[in-house]
$ cat final02.cif   # mmCIF, C-alpha atoms
data_run
#
loop_
_atom_site.label_atom_id
_atom_site.label_comp_id
_atom_site.auth_asym_id
_atom_site.auth_seq_id
_atom_site.Cartn_x
_atom_site.Cartn_y
_atom_site.Cartn_z
CA MET A 1 25.37 51.86 75.85
CA ASP A 2 25.61 48.49 77.59
CA SER A 3 29.39 48.34 78.07
CA LYS A 4 30.54 49.59 81.46
CA ILE A 5 33.20 52.27 81.78
CA ILE A 6 36.09 51.89 84.22
CA ILE A 7 37.62 55.27 85.01
CA MET A 8 41.35 54.85 85.54
CA LEU A 9 43.06 57.70 87.38
CA THR A 10 46.16 57.15 85.28
CA HIS A 11 48.12 59.03 82.63
CA ASN A 12 51.21 57.84 80.76
CA ASP A 13 50.77 54.40 82.36
CA LYS A 14 51.05 55.76 85.92
CA THR A 15 48.59 56.78 88.61
CA VAL A 16 48.42 60.57 88.71
CA GLU A 17 49.68 62.27 91.84
CA ASN A 18 46.36 64.03 92.49
CA ALA A 19 44.23 60.95 91.89
CA ARG A 20 42.36 61.29 95.18
CA GLU A 21 41.43 64.91 94.47
CA VAL A 22 40.25 64.03 90.96
CA PHE A 23 38.10 61.22 92.33
CA GLU A 24 36.55 63.44 95.01
CA GLU A 25 35.67 65.99 92.32
CA CYS A 26 33.87 63.37 90.23
CA LYS A 27 32.55 60.75 92.66
CA ASP A 28 28.98 62.03 92.40
CA LEU A 29 28.81 61.15 88.70
CA PRO A 30 26.91 57.95 87.78
CA ILE A 31 29.99 55.76 87.37
CA GLN A 32 30.38 52.61 89.43
CA PHE A 33 33.82 51.32 88.33
CA TRP A 34 37.01 53.19 89.31
CA GLY A 35 40.66 52.18 89.41
CA PHE A 36 44.31 53.02 88.96
CA LYS A 37 47.72 51.37 88.52
CA ASP A 38 50.20 50.09 91.08
CA VAL A 39 52.80 52.69 90.03
CA GLY A 40 52.87 56.48 90.37
CA VAL A 41 51.94 57.00 94.02
CA PRO A 42 53.20 55.32 97.20
CA LYS A 43 51.33 52.47 98.83
CA GLU A 44 49.99 54.71 101.60
CA GLU A 45 48.39 57.04 99.05
CA MET A 46 46.99 54.09 97.11
CA GLU A 47 45.26 53.02 100.31
CA ARG A 48 43.81 56.50 100.85
CA ILE A 49 42.48 56.63 97.28
CA LEU A 50 40.97 53.18 97.66
CA ASP A 51 39.36 54.09 100.99
CA ALA A 52 37.75 57.13 99.35
CA MET A 53 36.37 54.99 96.54
CA LYS A 54 34.99 52.39 98.91
CA ALA A 55 33.44 55.08 101.14
CA ALA A 56 31.61 56.30 98.02
CA GLY A 57 30.34 52.77 97.31
CA LYS A 58 32.42 52.23 94.18
CA THR A 59 33.73 48.98 92.69
CA THR A 60 37.52 49.13 92.60
CA PHE A 61 40.15 47.95 90.12
CA LEU A 62 43.93 47.71 90.36
CA GLU A 63 45.79 47.25 87.07
CA VAL A 64 49.26 45.73 87.34
CA VAL A 65 51.46 45.80 84.23
CA SER A 66 54.05 43.19 85.22
CA TYR A 67 55.35 40.07 83.55
CA SER A 68 57.61 37.98 85.79
CA GLU A 69 56.06 35.56 88.25
CA GLU A 70 57.62 37.42 91.18
CA GLU A 71 56.32 40.81 90.03
CA CYS A 72 52.87 39.46 89.28
CA MET A 73 52.62 37.80 92.68
CA ARG A 74 53.71 41.02 94.34
CA GLY A 75 50.94 42.89 92.53
CA ALA A 76 48.39 40.23 93.43
CA LYS A 77 49.30 40.37 97.11
CA LEU A 78 49.11 44.16 97.07
CA ALA A 79 45.63 44.03 95.53
CA VAL A 80 44.47 41.57 98.19
CA GLU A 81 46.12 43.43 101.08
CA LEU A 82 44.51 46.75 100.16
CA GLY A 83 41.13 45.18 99.41
CA TYR A 84 40.43 45.81 95.73
CA ASP A 85 37.43 44.16 94.10
CA TYR A 86 39.29 43.35 90.87
CA LEU A 87 42.89 42.74 89.83
CA MET A 88 43.45 43.55 86.16
CA GLY A 89 46.60 42.72 84.26
CA THR A 90 49.66 40.63 85.03
CA VAL A 91 50.43 37.79 82.68
CA TYR A 92 49.00 34.47 83.80
CA HIS A 93 51.05 32.44 86.25
CA GLN A 94 49.52 29.36 87.85
CA SER A 95 50.88 30.32 91.27
CA VAL A 96 49.25 33.75 91.08
CA PHE A 97 45.95 32.24 89.94
CA GLU A 98 45.96 29.70 92.76
CA TYR A 99 46.71 32.39 95.33
CA LEU A 100 43.93 34.68 94.08
CA ALA A 101 41.47 31.77 93.97
CA THR A 102 41.65 31.65 97.79
CA GLN A 103 40.85 35.38 98.12
CA GLU A 104 37.78 37.59 97.77
CA ILE A 105 38.94 39.25 94.56
CA LYS A 106 38.26 38.75 90.86
CA PHE A 107 41.12 38.25 88.41
CA LEU A 108 41.26 39.61 84.84
CA PRO A 109 44.73 38.78 83.45
CA PHE A 110 46.22 39.83 80.14
CA CYS A 111 46.04 37.37 77.25
CA GLY A 112 48.37 36.96 74.28
CA GLN A 113 52.05 37.85 74.21
CA VAL A 114 52.35 41.03 76.28
CA SER A 115 55.72 42.68 76.80
CA GLY A 116 57.53 45.99 77.05
CA SER A 117 56.80 49.35 78.64
CA PRO A 118 54.56 50.80 77.34
CA SER A 119 53.07 47.36 76.72
CA ILE A 120 52.69 45.83 73.31
CA LEU A 121 50.47 42.88 72.44
CA GLU A 122 51.65 40.41 69.82
CA GLY A 123 50.22 37.33 68.15
CA SER A 124 47.59 36.53 65.56
CA PHE A 125 43.92 36.99 66.34
CA ASP A 126 43.50 33.21 66.55
CA GLU A 127 46.44 32.84 68.94
CA ILE A 128 45.25 35.61 71.25
CA ILE A 129 41.67 34.35 71.30
CA ALA A 130 42.81 30.78 71.92
CA ASP A 131 44.97 31.95 74.81
CA ALA A 132 42.03 33.82 76.31
CA LYS A 133 39.76 30.78 75.98
CA GLY A 134 42.39 28.66 77.73
CA LEU A 135 42.64 31.12 80.63
CA LEU A 136 38.87 31.30 80.98
CA ASP A 137 38.67 27.49 80.95
CA ARG A 138 41.16 27.47 83.86
CA GLY A 139 38.80 29.64 85.85
CA VAL A 140 39.85 33.29 85.60
CA ASP A 141 36.97 35.73 85.94
CA GLY A 142 37.58 37.55 82.66
CA ILE A 143 40.29 39.03 80.44
CA ASP A 144 42.15 42.35 80.29
CA LEU A 145 42.61 42.78 76.53
CA LEU A 146 45.22 45.32 75.43
CA ALA A 147 43.60 45.45 72.02
CA PHE A 148 44.93 48.84 70.94
CA ARG A 149 48.49 47.86 71.87
CA HIS A 150 48.23 45.38 68.96
CA GLN A 151 49.05 46.35 65.37
CA ASP A 152 45.36 45.89 64.46
CA GLY A 153 43.59 46.89 67.64
CA ALA A 154 40.11 47.44 66.25
CA GLY A 155 40.17 44.22 64.26
CA LEU A 156 41.35 42.25 67.26
CA ALA A 157 38.78 43.74 69.62
CA GLU A 158 35.94 43.01 67.22
CA ALA A 159 37.10 39.45 66.51
CA TYR A 160 37.53 38.77 70.22
CA CYS A 161 34.05 40.01 71.17
CA LYS A 162 32.50 37.89 68.42
CA ALA A 163 34.36 34.78 69.56
CA ILE A 164 34.07 34.95 73.37
CA ASP A 165 30.96 35.78 75.39
CA LYS A 166 32.58 36.21 78.80
CA PRO A 167 33.73 39.35 80.63
CA VAL A 168 36.45 41.25 78.80
CA VAL A 169 37.84 44.72 79.47
CA ILE A 170 39.13 46.57 76.41
CA ALA A 171 41.95 48.48 78.08
CA GLY A 172 43.26 51.77 76.80
CA SER A 173 43.01 54.10 73.80
CA ILE A 174 39.27 54.74 73.93
CA ASN A 175 39.89 58.40 73.24
CA SER A 176 37.28 59.78 70.84
CA PRO A 177 33.53 59.70 70.12
CA GLU A 178 34.30 57.38 67.21
CA ARG A 179 36.05 54.91 69.51
CA LEU A 180 33.08 55.04 71.90
CA GLU A 181 30.76 54.25 68.99
CA PHE A 182 33.03 51.34 68.06
CA ILE A 183 32.97 50.00 71.63
CA ASN A 184 29.20 50.28 71.66
CA ARG A 185 29.02 48.23 68.47
CA ILE A 186 31.28 45.37 69.60
CA ASN A 187 29.81 45.47 73.14
CA PRO A 188 32.53 44.23 75.51
CA TRP A 189 31.67 43.86 79.18
CA ALA A 190 33.73 46.96 80.01
CA PHE A 191 36.42 49.35 78.81
CA THR A 192 38.90 51.61 80.56
CA MET A 193 39.42 55.32 80.10
CA GLY A 194 42.00 57.52 81.77
CA SER A 195 44.56 59.44 79.73
CA ALA A 196 41.95 60.74 77.26
CA LEU A 197 40.27 62.59 80.13
CA PHE A 198 43.48 64.10 81.41
CA THR A 199 44.47 65.22 77.90
CA GLU A 200 40.97 66.67 77.39
CA ASN A 201 40.21 64.78 74.19
CA PHE A 202 36.47 65.44 74.42
CA VAL A 203 36.23 69.03 75.73
CA LYS A 204 39.34 71.09 75.06
CA ASP A 205 40.34 73.16 78.11
CA GLY A 206 37.40 71.66 79.98
CA GLY A 207 39.31 69.79 82.67
CA PHE A 208 38.81 66.22 83.79
CA ARG A 209 35.23 66.49 85.03
CA LYS A 210 33.79 68.24 81.98
CA ASN A 211 35.48 65.68 79.74
CA LEU A 212 34.01 62.86 81.79
CA GLU A 213 30.58 64.45 81.68
CA GLU A 214 30.85 64.65 77.89
CA VAL A 215 31.83 60.97 77.69
CA LEU A 216 28.76 60.06 79.75
CA ARG A 217 26.59 62.21 77.48
CA ILE A 218 27.91 60.39 74.40
CA MET A 219 27.43 56.99 76.05
CA ASP A 220 23.84 57.86 77.02
CA GLY A 221 23.11 58.65 73.37
CA LEU A 222 24.37 55.30 72.08
CA LYS A 223 21.89 52.46 71.72
#
$ encode --input "final02.cif" --output "structure tokens"
Amino acid sequence: MDSKIIIMLTHNDKTVENAREVFEECKDLPIQFWGFKDVGVPKEEMERILDAMKAAGKTTFLEVVSYSEEECMRGAKLAVELGYDYLMGTVYHQSVFEYLATQEIKFLPFCGQVSGSPSILEGSFDEIIADAKGLLDRGVDGIDLLAFRHQDGAGLAEAYCKAIDKPVVIAGSINSPERLEFINRINPWAFTMGSALFTENFVKDGGFRKNLEEVLRIMDGLK
């Protein structure tokens, strides 16, 4: 499987309280990309989790689900201050983009009409894809696509990957072997997985690590 997996230490749209312990239990597995959200644990604990990831040589992602310019800038500054490699999420604001362009961090904003909590994504396929192309033309490093928060998530994800050959993360709801097979077929740059591991969707009563090991086994079998 060519698509990269980003393990998000999040459940119910929040970083889990024992995120650092979960990471330490699994850091030896062959996964390069790890991240979490800016809500759920205090800033000091976020920094400790991030330090553990960096000490293990991982590439780090912060996902910020915010919409106002002020909130998005706050998330951007937090990501820079703590030293993440990637900021995912936020809706696009020119001021946030210009700030991040001066920093050593890559920016993958949402595209389309994103709102609510939990987030929903609205708009036609053409509108969402056109918005993404416009953001990429402005110079963002890629897109955080909330495909499965759309009323036709699979259709949108497939149409997007056919239309745009630049980094995209399919974020959320990759929660079954069938969804992994679908991701393998449409071949985005990356996808996130978090809640499905905590809810043990792949190995019932197996815990986080055994579920992650099963996901890796499935991915290794996909060509």
$ resolve_selection --input "final02.cif" --expression "the PyMOL selection byres ((chain A and resi 113-127) around 12)" --output "PyMOL selection string"
chain A and resi 11-14+64-68+89-92+109-112+128-134+144-164+171-172
$ closest_residue --input "final02.cif" --among "A:Ile6, A:Met1, A:Val140, A:Val96" --to "Glu70 of chain A" --atoms "all atoms listed in the file"
A:Val96
$ resolve_selection --input "final02.cif" --expression "the PyMOL selection byres ((chain A and resi 185-195) around 7)" --output "count of residues only"
28
$ atom_distance --input "final02.cif" --atom1 "atom CA of Tyr86 of chain A" --atom2 "atom CA of Lys54 of chain A"
12.8 Å
$ atom_distance --input "final02.cif" --atom1 "atom CA of Gly75 of chain A" --atom2 "atom CA of Val22 of chain A"
23.7 Å
$ atom_distance --input "final02.cif" --atom1 "atom CA of Leu222 of chain A" --atom2 "atom CA of Leu87 of chain A"
28.6 Å
$ residues_near_point --input "final02.cif" --point "(52.6, 51.8, 94.4)" --cutoff "9 Å" --atoms "only C-alpha atoms" --output "PyMOL selection string"
chain A and resi 15+37-46+78
$ residues_around --input "final02.cif" --residues "Phe202 of chain A" --least-positions-apart "4" --cutoff "7 Å" --atoms "only C-alpha atoms" --output "list in words"
Ser176, Asn211 and Glu214 of chain A
$ write_last_selection --input "final02.cif" --atoms "C-alpha atoms" --output "JSON list (two decimals), in the coordinates of the input"
[["chain", "number", "residue", "atom", "x", "y", "z"],
["A", 176, "SER", "CA", 37.28, 59.78, 70.84],
["A", 211, "ASN", "CA", 35.48, 65.68, 79.74],
["A", 214, "GLU", "CA", 30.85, 64.65, 77.89]]
$ decode --input "final02.cif" --residues "segment 4-52 of chain A" --atoms "N, CA and C atoms" --output "mmCIF file, in the first residue's frame"
data_model
loop_
_atom_site.group_PDB
_atom_site.id
_atom_site.type_symbol
_atom_site.label_atom_id
_atom_site.label_comp_id
_atom_site.auth_asym_id
_atom_site.auth_seq_id
_atom_site.Cartn_x
_atom_site.Cartn_y
_atom_site.Cartn_z
ATOM 1 N N LYS A 4 0.378 6.656 2.926
ATOM 2 C CA LYS A 4 0.961 6.654 4.263
ATOM 3 C C LYS A 4 -0.150 6.763 5.305
ATOM 4 N N ILE A 5 0.071 6.155 6.451
ATOM 5 C CA ILE A 5 -0.884 6.244 7.546
ATOM 6 C C ILE A 5 -0.374 7.236 8.579
ATOM 7 N N ILE A 6 -1.259 8.108 9.033
ATOM 8 C CA ILE A 6 -0.958 9.038 10.119
ATOM 9 C C ILE A 6 -1.760 8.575 11.328
ATOM 10 N N ILE A 7 -1.081 8.118 12.357
ATOM 11 C CA ILE A 7 -1.782 7.658 13.555
ATOM 12 C C ILE A 7 -2.072 8.870 14.428
ATOM 13 N N MET A 8 -3.366 9.109 14.647
ATOM 14 C CA MET A 8 -3.826 10.224 15.471
ATOM 15 C C MET A 8 -4.240 9.677 16.838
ATOM 16 N N LEU A 9 -3.629 10.184 17.874
ATOM 17 C CA LEU A 9 -3.934 9.733 19.233
ATOM 18 C C LEU A 9 -5.158 10.480 19.749
ATOM 19 N N THR A 10 -6.252 10.329 19.000
ATOM 20 C CA THR A 10 -7.483 11.063 19.264
ATOM 21 C C THR A 10 -8.683 10.124 19.210
ATOM 22 N N HIS A 11 -9.694 10.485 19.990
ATOM 23 C CA HIS A 11 -10.960 9.741 20.006
ATOM 24 C C HIS A 11 -12.058 10.744 20.334
ATOM 25 N N ASN A 12 -13.164 10.647 19.587
ATOM 26 C CA ASN A 12 -14.257 11.615 19.738
ATOM 27 C C ASN A 12 -13.761 13.053 19.547
ATOM 28 N N ASP A 13 -12.886 13.226 18.560
ATOM 29 C CA ASP A 13 -12.380 14.546 18.155
ATOM 30 C C ASP A 13 -11.557 15.237 19.237
ATOM 31 N N LYS A 14 -10.969 14.454 20.163
ATOM 32 C CA LYS A 14 -10.097 15.021 21.179
ATOM 33 C C LYS A 14 -8.886 14.114 21.376
ATOM 34 N N THR A 15 -7.764 14.710 21.729
ATOM 35 C CA THR A 15 -6.596 13.925 22.106
ATOM 36 C C THR A 15 -6.918 13.144 23.384
ATOM 37 N N VAL A 16 -6.555 11.866 23.395
ATOM 38 C CA VAL A 16 -6.851 11.048 24.571
ATOM 39 C C VAL A 16 -5.897 11.399 25.708
ATOM 40 N N GLU A 17 -6.372 11.245 26.917
ATOM 41 C CA GLU A 17 -5.579 11.661 28.079
ATOM 42 C C GLU A 17 -4.291 10.862 28.220
ATOM 43 N N ASN A 18 -4.289 9.601 27.792
ATOM 44 C CA ASN A 18 -3.099 8.765 27.920
ATOM 45 C C ASN A 18 -2.337 8.649 26.606
ATOM 46 N N ALA A 19 -2.381 9.695 25.814
ATOM 47 C CA ALA A 19 -1.765 9.659 24.483
ATOM 48 C C ALA A 19 -0.280 9.313 24.545
ATOM 49 N N ARG A 20 0.425 9.874 25.513
ATOM 50 C CA ARG A 20 1.870 9.624 25.598
ATOM 51 C C ARG A 20 2.137 8.140 25.890
ATOM 52 N N GLU A 21 1.361 7.549 26.791
ATOM 53 C CA GLU A 21 1.537 6.146 27.110
ATOM 54 C C GLU A 21 1.229 5.250 25.899
ATOM 55 N N VAL A 22 0.173 5.604 25.161
ATOM 56 C CA VAL A 22 -0.167 4.827 23.966
ATOM 57 C C VAL A 22 0.953 4.911 22.945
ATOM 58 N N PHE A 23 1.493 6.113 22.761
ATOM 59 C CA PHE A 23 2.598 6.252 21.803
ATOM 60 C C PHE A 23 3.803 5.423 22.233
ATOM 61 N N GLU A 24 4.181 5.495 23.510
ATOM 62 C CA GLU A 24 5.353 4.755 23.980
ATOM 63 C C GLU A 24 5.166 3.259 23.771
ATOM 64 N N GLU A 25 3.938 2.786 23.897
ATOM 65 C CA GLU A 25 3.651 1.358 23.705
ATOM 66 C C GLU A 25 3.820 0.931 22.245
ATOM 67 N N CYS A 26 3.676 1.880 21.331
ATOM 68 C CA CYS A 26 3.613 1.529 19.906
ATOM 69 C C CYS A 26 4.724 2.149 19.063
ATOM 70 N N LYS A 27 5.625 2.902 19.662
ATOM 71 C CA LYS A 27 6.587 3.675 18.877
ATOM 72 C C LYS A 27 7.565 2.807 18.100
ATOM 73 N N ASP A 28 7.705 1.542 18.479
ATOM 74 C CA ASP A 28 8.623 0.657 17.766
ATOM 75 C C ASP A 28 8.037 0.146 16.458
ATOM 76 N N LEU A 29 6.735 0.295 16.262
ATOM 77 C CA LEU A 29 6.103 -0.182 15.032
ATOM 78 C C LEU A 29 6.540 0.676 13.840
ATOM 79 N N PRO A 30 6.540 0.110 12.633
ATOM 80 C CA PRO A 30 7.066 0.818 11.457
ATOM 81 C C PRO A 30 6.092 1.865 10.915
ATOM 82 N N ILE A 31 5.854 2.885 11.716
ATOM 83 C CA ILE A 31 4.965 3.986 11.344
ATOM 84 C C ILE A 31 5.720 5.283 11.573
ATOM 85 N N GLN A 32 5.838 6.087 10.532
ATOM 86 C CA GLN A 32 6.603 7.326 10.628
ATOM 87 C C GLN A 32 5.765 8.520 11.085
ATOM 88 N N PHE A 33 4.483 8.567 10.692
ATOM 89 C CA PHE A 33 3.651 9.757 10.899
ATOM 90 C C PHE A 33 2.745 9.584 12.117
ATOM 91 N N TRP A 34 2.851 10.520 13.069
ATOM 92 C CA TRP A 34 2.034 10.498 14.286
ATOM 93 C C TRP A 34 1.534 11.895 14.588
ATOM 94 N N GLY A 35 0.326 11.973 15.190
ATOM 95 C CA GLY A 35 -0.191 13.291 15.528
ATOM 96 C C GLY A 35 -1.338 13.217 16.517
ATOM 97 N N PHE A 36 -1.892 14.386 16.782
ATOM 98 C CA PHE A 36 -3.049 14.505 17.670
ATOM 99 C C PHE A 36 -3.657 15.880 17.475
ATOM 100 N N LYS A 37 -4.731 16.172 18.208
ATOM 101 C CA LYS A 37 -5.444 17.445 18.067
ATOM 102 C C LYS A 37 -5.011 18.432 19.149
ATOM 103 N N ASP A 38 -5.428 19.666 18.972
ATOM 104 C CA ASP A 38 -5.057 20.728 19.914
ATOM 105 C C ASP A 38 -6.036 20.822 21.084
ATOM 106 N N VAL A 39 -6.925 19.853 21.224
ATOM 107 C CA VAL A 39 -7.869 19.828 22.344
ATOM 108 C C VAL A 39 -7.803 18.456 23.013
ATOM 109 N N GLY A 40 -8.058 18.433 24.324
ATOM 110 C CA GLY A 40 -8.107 17.176 25.061
ATOM 111 C C GLY A 40 -7.080 17.063 26.156
ATOM 112 N N VAL A 41 -5.897 17.641 25.929
ATOM 113 C CA VAL A 41 -4.857 17.648 26.970
ATOM 114 C C VAL A 41 -4.272 19.055 27.022
ATOM 115 N N PRO A 42 -3.728 19.461 28.176
ATOM 116 C CA PRO A 42 -3.151 20.800 28.287
ATOM 117 C C PRO A 42 -1.887 20.946 27.447
ATOM 118 N N LYS A 43 -1.522 22.191 27.213
ATOM 119 C CA LYS A 43 -0.365 22.499 26.383
ATOM 120 C C LYS A 43 0.900 21.802 26.875
ATOM 121 N N GLU A 44 1.100 21.765 28.175
ATOM 122 C CA GLU A 44 2.305 21.144 28.724
ATOM 123 C C GLU A 44 2.375 19.659 28.374
ATOM 124 N N GLU A 45 1.226 18.975 28.392
ATOM 125 C CA GLU A 45 1.214 17.562 28.024
ATOM 126 C C GLU A 45 1.387 17.390 26.521
ATOM 127 N N MET A 46 0.821 18.302 25.733
ATOM 128 C CA MET A 46 1.057 18.264 24.291
ATOM 129 C C MET A 46 2.557 18.306 24.007
ATOM 130 N N GLU A 47 3.251 19.172 24.710
ATOM 131 C CA GLU A 47 4.689 19.310 24.502
ATOM 132 C C GLU A 47 5.429 18.033 24.873
ATOM 133 N N ARG A 48 5.007 17.382 25.959
ATOM 134 C CA ARG A 48 5.647 16.127 26.361
ATOM 135 C C ARG A 48 5.400 15.019 25.337
ATOM 136 N N ILE A 49 4.176 14.945 24.812
ATOM 137 C CA ILE A 49 3.880 13.948 23.775
ATOM 138 C C ILE A 49 4.738 14.207 22.541
ATOM 139 N N LEU A 50 4.799 15.470 22.142
ATOM 140 C CA LEU A 50 5.570 15.831 20.955
ATOM 141 C C LEU A 50 7.044 15.521 21.149
ATOM 142 N N ASP A 51 7.581 15.812 22.320
ATOM 143 C CA ASP A 51 8.992 15.521 22.603
ATOM 144 C C ASP A 51 9.263 14.020 22.485
ATOM 145 N N ALA A 52 8.318 13.208 22.961
ATOM 146 C CA ALA A 52 8.491 11.759 22.864
ATOM 147 C C ALA A 52 8.502 11.303 21.407
#
